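Structure data follow from target-v8.cif (mmCIF, C-alpha atoms):
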data_start
#
loop_
_atom_site.label_atom_id
_atom_site.label_comp_id
_atom_site.auth_asym_id
_atom_site.auth_seq_id
_atom_site.Cartn_x
_atom_site.Cartn_y
_atom_site.Cartn_z
CA MET Z 455 26.62 176.61 30.33
CA ILE Z 456 28.29 173.62 31.99
CA THR Z 457 26.21 171.52 34.35
CA TYR Z 458 28.17 169.51 36.91
CA ARG Z 459 26.53 166.40 38.34
CA ILE Z 460 27.18 166.15 42.08
CA ALA Z 461 26.29 163.23 44.35
CA THR Z 462 25.53 164.35 47.91
CA ILE Z 463 25.92 161.73 50.65
CA PRO Z 464 25.26 163.33 54.06
CA GLY Z 465 25.81 160.03 55.90
CA ASP Z 466 25.48 160.24 59.67
CA GLY Z 467 25.30 162.78 62.49
CA ILE Z 468 26.13 166.36 61.59
CA GLY Z 469 26.83 165.24 58.04
CA LYS Z 470 23.09 165.68 57.55
CA GLU Z 471 23.49 169.37 58.46
CA VAL Z 472 26.77 170.37 56.83
CA VAL Z 473 26.28 168.68 53.45
CA PRO Z 474 23.02 170.56 52.78
CA ALA Z 475 24.90 173.70 53.84
CA GLY Z 476 27.60 172.89 51.30
CA GLN Z 477 24.94 172.40 48.64
CA GLN Z 478 23.47 175.82 49.52
CA VAL Z 479 26.88 177.42 48.97
CA LEU Z 480 27.30 175.72 45.60
CA GLU Z 481 23.82 176.80 44.56
CA ALA Z 482 24.51 180.41 45.60
CA LEU Z 483 27.78 180.32 43.68
CA ALA Z 484 26.13 178.98 40.54
CA LYS Z 485 23.38 181.58 40.76
CA ALA Z 486 25.96 184.34 41.03
CA SER Z 487 28.30 183.08 38.32
CA LYS Z 488 25.82 182.21 35.56
CA SER Z 489 28.55 180.25 33.73
CA PHE Z 490 27.89 176.85 35.28
CA ALA Z 491 25.21 175.00 37.18
CA PHE Z 492 24.98 172.00 39.48
CA GLU Z 493 22.68 169.03 39.31
CA PHE Z 494 22.47 167.35 42.71
CA GLU Z 495 21.36 163.82 43.53
CA ASN Z 496 21.10 162.90 47.19
CA PHE Z 497 21.80 159.42 48.56
CA ASP Z 498 20.47 158.44 51.98
CA TRP Z 499 23.20 155.94 52.75
CA GLY Z 500 24.54 155.60 56.29
CA GLY Z 501 23.40 154.45 59.70
CA ASP Z 502 19.68 154.94 59.07
CA TYR Z 503 19.98 152.99 55.81
CA TYR Z 504 21.79 150.22 57.73
CA ARG Z 505 18.95 149.93 60.25
CA LYS Z 506 16.52 149.38 57.40
CA HIS Z 507 18.58 147.21 55.07
CA GLY Z 508 21.46 145.70 57.08
CA VAL Z 509 24.09 147.46 54.92
CA MET Z 510 25.42 151.02 54.88
CA MET Z 511 24.87 151.38 51.14
CA PRO Z 512 23.40 149.08 48.45
CA ALA Z 513 25.60 146.51 46.78
CA ASP Z 514 25.32 148.34 43.45
CA GLY Z 515 25.72 151.77 45.04
CA LEU Z 516 28.97 152.56 43.26
CA ASP Z 517 27.21 152.20 39.92
CA ALA Z 518 24.69 154.84 40.98
CA ILE Z 519 27.40 157.47 41.52
CA ARG Z 520 30.02 156.32 39.02
CA GLY Z 521 28.93 158.83 36.38
CA LYS Z 522 28.96 161.87 38.68
CA ASP Z 523 31.49 164.65 38.32
CA ALA Z 524 32.17 164.71 42.07
CA ILE Z 525 30.85 163.53 45.42
CA LEU Z 526 30.17 165.71 48.48
CA PHE Z 527 30.26 163.48 51.56
CA GLY Z 528 29.35 164.21 55.18
CA SER Z 529 30.46 161.60 57.69
CA ALA Z 530 30.17 157.93 58.62
CA GLY Z 531 29.64 156.94 62.23
CA ASP Z 532 26.72 155.98 64.44
CA PRO Z 533 26.79 155.27 68.20
CA ASP Z 534 24.50 152.27 67.72
CA ILE Z 535 26.57 150.62 64.96
CA PRO Z 536 30.16 149.36 65.34
CA ASP Z 537 32.63 151.80 63.84
CA HIS Z 538 34.24 149.23 61.56
CA ILE Z 539 30.86 148.58 59.95
CA THR Z 540 30.09 152.25 59.32
CA LEU Z 541 33.57 153.03 57.99
CA TRP Z 542 34.11 149.97 55.80
CA GLY Z 543 30.50 149.84 54.70
CA LEU Z 544 30.35 153.36 53.31
CA ARG Z 545 33.32 155.71 53.20
CA LEU Z 546 36.03 153.14 52.56
CA LYS Z 547 33.78 151.25 50.16
CA ILE Z 548 33.62 154.37 48.02
CA CYS Z 549 37.28 155.37 48.42
CA GLN Z 550 38.60 151.92 47.59
CA GLY Z 551 35.90 151.13 45.04
CA PHE Z 552 36.84 154.23 43.05
CA ASP Z 553 40.58 153.90 43.78
CA GLN Z 554 40.71 157.37 45.30
CA TYR Z 555 44.27 156.72 46.38
CA ALA Z 556 45.34 160.29 47.17
CA ASN Z 557 43.75 161.80 50.26
CA VAL Z 558 44.66 165.49 50.36
CA ARG Z 559 44.25 167.53 53.55
CA PRO Z 560 45.26 171.21 53.49
CA THR Z 561 45.71 172.98 56.81
CA ARG Z 562 46.32 176.62 57.63
CA ILE Z 563 45.20 179.14 60.21
CA LEU Z 564 42.24 181.04 58.76
CA PRO Z 565 41.67 184.74 59.55
CA GLY Z 566 40.06 185.44 62.91
CA ILE Z 567 40.76 182.01 64.39
CA ASP Z 568 42.65 181.82 67.67
CA ALA Z 569 44.90 178.80 67.14
CA PRO Z 570 46.52 177.15 70.17
CA LEU Z 571 50.15 177.68 69.09
CA LYS Z 572 50.63 181.22 70.41
CA ARG Z 573 54.16 181.59 69.03
CA CYS Z 574 53.06 180.43 65.57
CA LYS Z 575 52.33 183.04 62.91
CA PRO Z 576 49.67 182.12 60.31
CA GLU Z 577 52.29 181.96 57.57
CA ASP Z 578 54.22 179.39 59.63
CA LEU Z 579 51.39 176.86 59.53
CA ASN Z 580 50.42 176.33 55.92
CA TRP Z 581 50.58 172.61 55.19
CA VAL Z 582 49.14 170.03 52.86
CA ILE Z 583 49.13 166.45 54.13
CA VAL Z 584 48.98 163.75 51.46
CA ARG Z 585 47.60 160.49 52.83
CA GLU Z 586 47.96 157.20 50.99
CA ASN Z 587 44.32 156.22 50.80
CA SER Z 588 44.08 152.72 49.33
CA GLU Z 589 46.30 150.29 51.24
CA GLY Z 590 48.75 150.34 54.15
CA GLU Z 591 47.22 149.93 57.60
CA TYR Z 592 43.70 150.14 56.12
CA SER Z 593 44.21 147.41 53.54
CA GLY Z 594 41.53 145.31 55.24
CA VAL Z 595 43.67 142.16 55.34
CA GLY Z 596 43.45 140.12 58.52
CA GLY Z 597 41.03 138.07 60.57
CA ARG Z 598 40.03 136.52 63.88
CA VAL Z 599 40.13 132.90 64.97
CA HIS Z 600 39.00 130.98 68.06
CA GLN Z 601 36.69 133.80 69.10
CA GLY Z 602 35.60 133.64 72.74
CA HIS Z 603 38.32 131.15 73.69
CA PRO Z 604 41.53 131.82 75.65
CA ILE Z 605 43.55 131.20 72.50
CA GLU Z 606 41.62 133.80 70.48
CA ALA Z 607 43.84 135.65 68.01
CA ALA Z 608 43.30 138.62 65.71
CA THR Z 609 45.44 140.14 62.98
CA ASP Z 610 45.40 143.31 60.92
CA VAL Z 611 48.04 143.25 58.22
CA SER Z 612 49.45 146.47 56.80
CA ILE Z 613 50.25 146.00 53.13
CA LEU Z 614 52.29 148.38 51.00
CA THR Z 615 52.78 147.63 47.33
CA ARG Z 616 55.47 149.09 45.10
CA ALA Z 617 52.80 150.39 42.71
CA GLY Z 618 50.84 151.98 45.56
CA VAL Z 619 53.86 153.65 47.13
CA GLU Z 620 55.26 154.88 43.82
CA ARG Z 621 52.03 156.55 42.79
CA ILE Z 622 51.43 158.34 46.13
CA MET Z 623 55.07 159.46 46.32
CA ARG Z 624 54.91 160.78 42.77
CA PHE Z 625 51.65 162.57 43.56
CA ALA Z 626 53.16 164.14 46.70
CA PHE Z 627 56.37 165.23 44.97
CA ARG Z 628 54.34 166.75 42.14
CA LEU Z 629 52.11 168.59 44.62
CA ALA Z 630 55.15 169.88 46.51
CA GLN Z 631 56.65 171.00 43.20
CA SER Z 632 53.52 173.09 42.51
CA ARG Z 633 53.72 174.95 45.84
CA PRO Z 634 55.95 178.01 46.37
CA ARG Z 635 58.36 176.40 48.83
CA LYS Z 636 58.82 173.14 46.86
CA LEU Z 637 59.36 171.30 50.14
CA LEU Z 638 58.28 167.77 51.01
CA THR Z 639 58.56 165.77 54.23
CA VAL Z 640 58.22 161.99 53.97
CA ILE Z 641 56.85 160.46 57.16
CA THR Z 642 58.13 157.00 58.06
CA LYS Z 643 58.53 154.47 60.87
CA SER Z 644 61.22 152.36 59.26
CA ASN Z 645 63.23 152.09 62.46
CA ALA Z 646 60.60 149.73 63.87
CA GLN Z 647 58.68 148.54 60.79
CA ARG Z 648 61.65 147.06 59.00
CA HIS Z 649 60.05 145.67 55.86
CA ALA Z 650 57.22 147.71 54.31
CA MET Z 651 58.37 151.05 55.71
CA VAL Z 652 61.92 150.43 54.56
CA MET Z 653 60.53 149.87 51.06
CA TRP Z 654 58.54 153.10 51.51
CA ASP Z 655 61.80 154.96 52.26
CA GLU Z 656 63.64 153.39 49.34
CA ILE Z 657 60.90 154.29 46.88
CA ALA Z 658 60.89 157.88 48.18
CA VAL Z 659 64.56 158.13 47.26
CA GLU Z 660 63.87 156.70 43.79
CA ILE Z 661 60.94 159.04 43.05
CA SER Z 662 62.83 162.07 44.38
CA LYS Z 663 65.23 161.79 41.45
CA GLU Z 664 62.34 162.69 39.11
CA PHE Z 665 61.89 166.00 40.97
CA PRO Z 666 65.34 167.57 41.41
CA ASP Z 667 63.81 170.96 42.19
CA VAL Z 668 61.93 169.63 45.24
CA LYS Z 669 63.78 169.75 48.55
CA TRP Z 670 62.75 166.85 50.77
CA ASP Z 671 63.51 165.25 54.09
CA LYS Z 672 62.40 162.22 56.10
CA GLU Z 673 60.89 162.21 59.60
CA LEU Z 674 59.81 159.43 61.95
CA VAL Z 675 56.08 159.73 62.61
CA ASP Z 676 56.49 160.10 66.38
CA ALA Z 677 59.11 162.81 66.00
CA SER Z 678 56.93 164.59 63.45
CA THR Z 679 54.25 165.29 66.09
CA ALA Z 680 56.75 167.31 68.09
CA ARG Z 681 58.01 169.02 64.94
CA MET Z 682 54.48 170.09 63.99
CA ILE Z 683 54.16 171.82 67.36
CA ASN Z 684 57.67 173.13 67.94
CA ARG Z 685 58.83 173.91 64.38
CA PRO Z 686 55.73 174.30 62.20
CA ALA Z 687 57.47 176.60 59.72
CA THR Z 688 59.84 173.78 58.70
CA LEU Z 689 56.94 171.83 57.16
CA ASP Z 690 54.99 172.42 53.96
CA THR Z 691 53.87 169.32 52.02
CA ILE Z 692 53.78 166.05 53.96
CA VAL Z 693 53.23 162.50 52.71
CA ALA Z 694 52.45 159.56 54.96
CA THR Z 695 50.77 156.18 55.06
CA ASN Z 696 47.05 155.72 55.57
CA LEU Z 697 47.14 155.51 59.39
CA HIS Z 698 50.01 157.89 60.02
CA ALA Z 699 48.46 160.66 57.91
CA ASP Z 700 45.04 160.06 59.45
CA ILE Z 701 46.46 160.83 62.89
CA LEU Z 702 48.75 163.67 61.84
CA SER Z 703 46.01 165.47 59.93
CA ASP Z 704 43.77 165.55 63.01
CA LEU Z 705 46.65 167.05 64.97
CA ALA Z 706 47.20 169.55 62.17
CA ALA Z 707 43.53 170.60 62.21
CA ALA Z 708 43.60 171.04 65.98
CA LEU Z 709 46.73 173.18 65.72
CA ALA Z 710 44.94 175.34 63.12
CA GLY Z 711 42.08 175.94 65.56
CA SER Z 712 39.46 173.22 65.15
CA LEU Z 713 38.64 169.94 63.42
CA GLY Z 714 35.49 171.74 62.29
CA ILE Z 715 37.38 173.79 59.69
CA ALA Z 716 39.45 171.06 58.06
CA PRO Z 717 38.67 169.71 54.55
CA THR Z 718 39.57 166.56 52.67
CA GLY Z 719 39.70 165.48 49.07
CA ASN Z 720 39.71 161.77 48.23
CA ILE Z 721 41.22 162.02 44.78
CA ASP Z 722 41.50 159.72 41.79
CA PRO Z 723 44.31 161.64 40.04
CA GLU Z 724 43.75 159.74 36.80
CA ARG Z 725 40.07 160.81 36.80
CA ARG Z 726 38.77 157.34 35.98
CA PHE Z 727 36.14 157.76 38.70
CA PRO Z 728 34.57 160.68 40.57
CA SER Z 729 36.57 162.08 43.46
CA MET Z 730 34.96 162.64 46.87
CA PHE Z 731 35.23 165.71 49.12
CA GLU Z 732 34.38 165.84 52.82
CA PRO Z 733 35.09 167.61 56.11
CA ILE Z 734 37.27 165.58 58.47
CA HIS Z 735 35.31 166.24 61.67
CA GLY Z 736 33.25 163.04 61.79
CA SER Z 737 29.62 162.53 62.75
CA ALA Z 738 29.70 164.36 66.14
CA PHE Z 739 26.43 162.87 67.39
CA ASP Z 740 26.68 164.89 70.62
CA ILE Z 741 25.75 168.07 68.75
CA MET Z 742 23.60 166.54 66.01
CA GLY Z 743 20.38 168.43 65.30
CA LYS Z 744 21.31 171.40 67.50
CA GLY Z 745 22.50 173.70 64.72
CA LEU Z 746 25.96 173.90 66.30
CA ALA Z 747 28.03 172.17 63.62
CA ASN Z 748 30.76 174.24 61.99
CA PRO Z 749 30.17 174.10 58.21
CA VAL Z 750 33.54 175.69 57.34
CA GLY Z 751 35.21 172.30 56.84
CA THR Z 752 32.52 171.46 54.31
CA PHE Z 753 32.84 174.82 52.57
CA TRP Z 754 36.60 174.37 52.29
CA SER Z 755 35.92 170.89 50.89
CA VAL Z 756 33.64 172.60 48.34
CA VAL Z 757 36.64 174.77 47.39
CA MET Z 758 38.67 171.62 46.74
CA LEU Z 759 35.78 170.15 44.74
CA LEU Z 760 35.65 173.25 42.54
CA GLU Z 761 39.41 173.18 42.00
CA HIS Z 762 39.16 169.54 40.97
CA LEU Z 763 36.48 170.50 38.42
CA GLY Z 764 38.77 173.20 37.04
CA GLU Z 765 36.63 176.08 38.34
CA PHE Z 766 39.54 177.90 39.95
CA ASP Z 767 38.03 181.39 39.93
CA ALA Z 768 34.89 180.08 41.61
CA ALA Z 769 37.00 178.21 44.17
CA THR Z 770 38.86 181.42 44.99
CA ARG Z 771 35.58 183.28 45.49
CA VAL Z 772 34.28 180.66 47.91
CA MET Z 773 37.56 180.65 49.86
CA GLN Z 774 37.54 184.44 50.07
CA ALA Z 775 33.96 184.32 51.39
CA VAL Z 776 34.91 181.69 53.97
CA GLU Z 777 37.90 183.74 55.14
CA ALA Z 778 35.77 186.87 55.42
CA VAL Z 779 33.31 184.97 57.60
CA THR Z 780 35.96 183.41 59.87
CA ALA Z 781 37.52 186.86 60.28
CA ASP Z 782 34.22 187.98 61.86
CA THR Z 783 34.32 186.45 65.35
CA SER Z 784 30.57 186.99 65.76
CA LEU Z 785 30.19 184.24 63.14
CA HIS Z 786 32.28 181.67 64.99
CA THR Z 787 30.56 178.44 65.96
CA ARG Z 788 30.95 176.80 69.37
CA ASP Z 789 34.07 174.82 68.46
CA LEU Z 790 35.80 178.17 67.81
CA GLY Z 791 34.56 179.69 71.04
CA GLY Z 792 31.55 181.46 69.53
CA THR Z 793 27.78 181.13 69.52
CA ALA Z 794 26.92 181.29 65.80
CA THR Z 795 24.79 178.55 64.30
CA THR Z 796 25.35 176.42 61.21
CA ALA Z 797 22.59 178.33 59.44
CA GLN Z 798 24.04 181.76 60.31
CA VAL Z 799 27.51 180.87 58.99
CA THR Z 800 26.00 179.38 55.85
CA ALA Z 801 23.82 182.42 55.22
CA ALA Z 802 26.80 184.74 55.66
CA VAL Z 803 28.93 182.85 53.13
CA CYS Z 804 26.05 182.71 50.63
CA ALA Z 805 25.40 186.43 51.02
CA LEU Z 806 29.03 187.24 50.25
CA LEU Z 807 28.92 185.03 47.15
CA GLU Z 808 25.81 186.82 45.94
CA LYS Z 809 27.50 190.20 46.44
CA SER Z 810 30.49 189.05 44.40
CA ALA Z 811 28.35 187.91 41.46
CA VAL Z 812 30.13 187.87 38.12
CA PRO Z 813 28.68 190.60 35.84
CA ALA Z 814 26.55 189.15 33.06
CA ALA Z 815 28.81 190.59 30.38
CA ASN Z 816 31.76 188.70 31.83
CA ALA Z 817 30.00 185.38 32.40
CA ALA Z 818 31.41 182.78 30.07
#

Can you dump the structure from the file as structure tokens?
Amino acid sequence: MITYRIATIPGDGIGKEVVPAGQQVLEALAKASKSFAFEFENFDWGGDYYRKHGVMMPADGLDAIRGKDAILFGSAGDPDIPDHITLWGLRLKICQGFDQYANVRPTRILPGIDAPLKRCKPEDLNWVIVRENSEGEYSGVGGRVHQGHPIEAATDVSILTRAGVERIMRFAFRLAQSRPRKLLTVITKSNAQRHAMVMWDEIAVEISKEFPDVKWDKELVDASTARMINRPATLDTIVATNLHADILSDLAAALAGSLGIAPTGNIDPERRFPSMFEPIHGSAFDIMGKGLANPVGTFWSVVMLLEHLGEFDAATRVMQAVEAVTADTSLHTRDLGGTATTAQVTAAVCALLEKSAVPAANAA
């Protein structure tokens, strides 16, 4: 039997509710499969840790999780701590520290969910957004001078490197190649950002020659927002810079029904370090502790985690359980217009996994 070592980092807000729910699902899956197990280690990093220690995570925190097979993360964000401290002190510290340069965000309309695009059929909105996750607008380069004076100035410098752009383009083309439509849209803003984004476009052309079977096009980021709404069926795989993809993926999740259902994988494709999986919904302190959080985004992130570990059959079983639960409108949480609680949705998914247990004779 294989035992996978998973680091759980609930972080802040509803992360403390949905990450334990994700762990419950993994435990139910392992119990039903009998071919693998999970060994969890929880880390209490986040806003509460910051209040005690002045940092979001310890200086040697990466060493504590470096040997894990994967990381299940909740959220970073606290109303009493500046956002740049919570983000850079925890989530980005892990993403950049482990060079998780490919942020992958699948989006589609799940069964039973009333998405806002009434003319859009579920098969028309089935996207994967690939976000460059290590540089660009979130490179962290910049500073402030003359603070508090009339001549105060601040800069944030977006940096794109040839190596960084080549590897995310190659990852996106390869992902598009693996999907049925073999279609990629490269998001740009090279009409206004005439240096780095022009290089981004040029490298896209170069990398495209390695994938002659992939059809691709280029779209300005502002125009792409209208395209996502008006012509969703023309999109499939999308690649964009750190900031552009961050914004577009939130729009994508909203168009699919709710930010509460959307997953993310922060991937190190070379597998030098553990990859990290998380829902995109944020800390949502307004509903923290009320049992209202939608755990589906976390469960879908668990599916991505399992796929990354090579447990594809198990991933399919979890996704099928999630889809069966979303198809039942009585199990919709508040963000989907329902009244179900986090615990009720979690229990329903776990029950379906237990029913679909792999027979002992077939367990590997």

Margin query: Which residues are close to Val611 (chain Z), i.e. within 9 Å by all atoms listed in the file, leaving aside same-chain residues fewer than 4 positions away? Reply as a PyMOL selection string.
Written below: chain Z and resi 590-596

Notebook entry, point to check: Which residues, written as number ranges by chain, have at least one atom at most 9 Å from Leu483 (chain Z), with only C-alpha atoms counted and residues fewer than 6 positions away on the same chain left out?
Noted result: Z: 491, 768, 771-772, 804, 807-808, 811

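Of the listed residues (Z:Pro717, Z:Pro560, Z:Gly501, Z:Pro666), Z:Pro717 comes nearest to Met730 (chain Z); the distances count only C-alpha atoms.
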
Notebook entry, point to check: From the list Z:Thr800, Z:Gln554, Z:Asn580, Z:Thr642, which residue is nearest Arg726 (chain Z) when using only C-alpha atoms?
Noted result: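 Looking only at the distances to Arg726 (chain Z), the closest residue turns out to be Z:Gln554.
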
Check: Hey, what comes out of the PyMOL selection byres ((chain Z and resi 545) around 12) on this file? Could you write it as a VMD selection string?
Finding: chain Z and resid 463 to 466 499 to 501 510 to 511 515 to 516 525 to 531 537 to 544 546 to 552 554 587 to 588 720 730 to 732 734 736

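For the pair CA of Ile715 (chain Z) and CA of Arg788 (chain Z), the separation is 12.0 Å.
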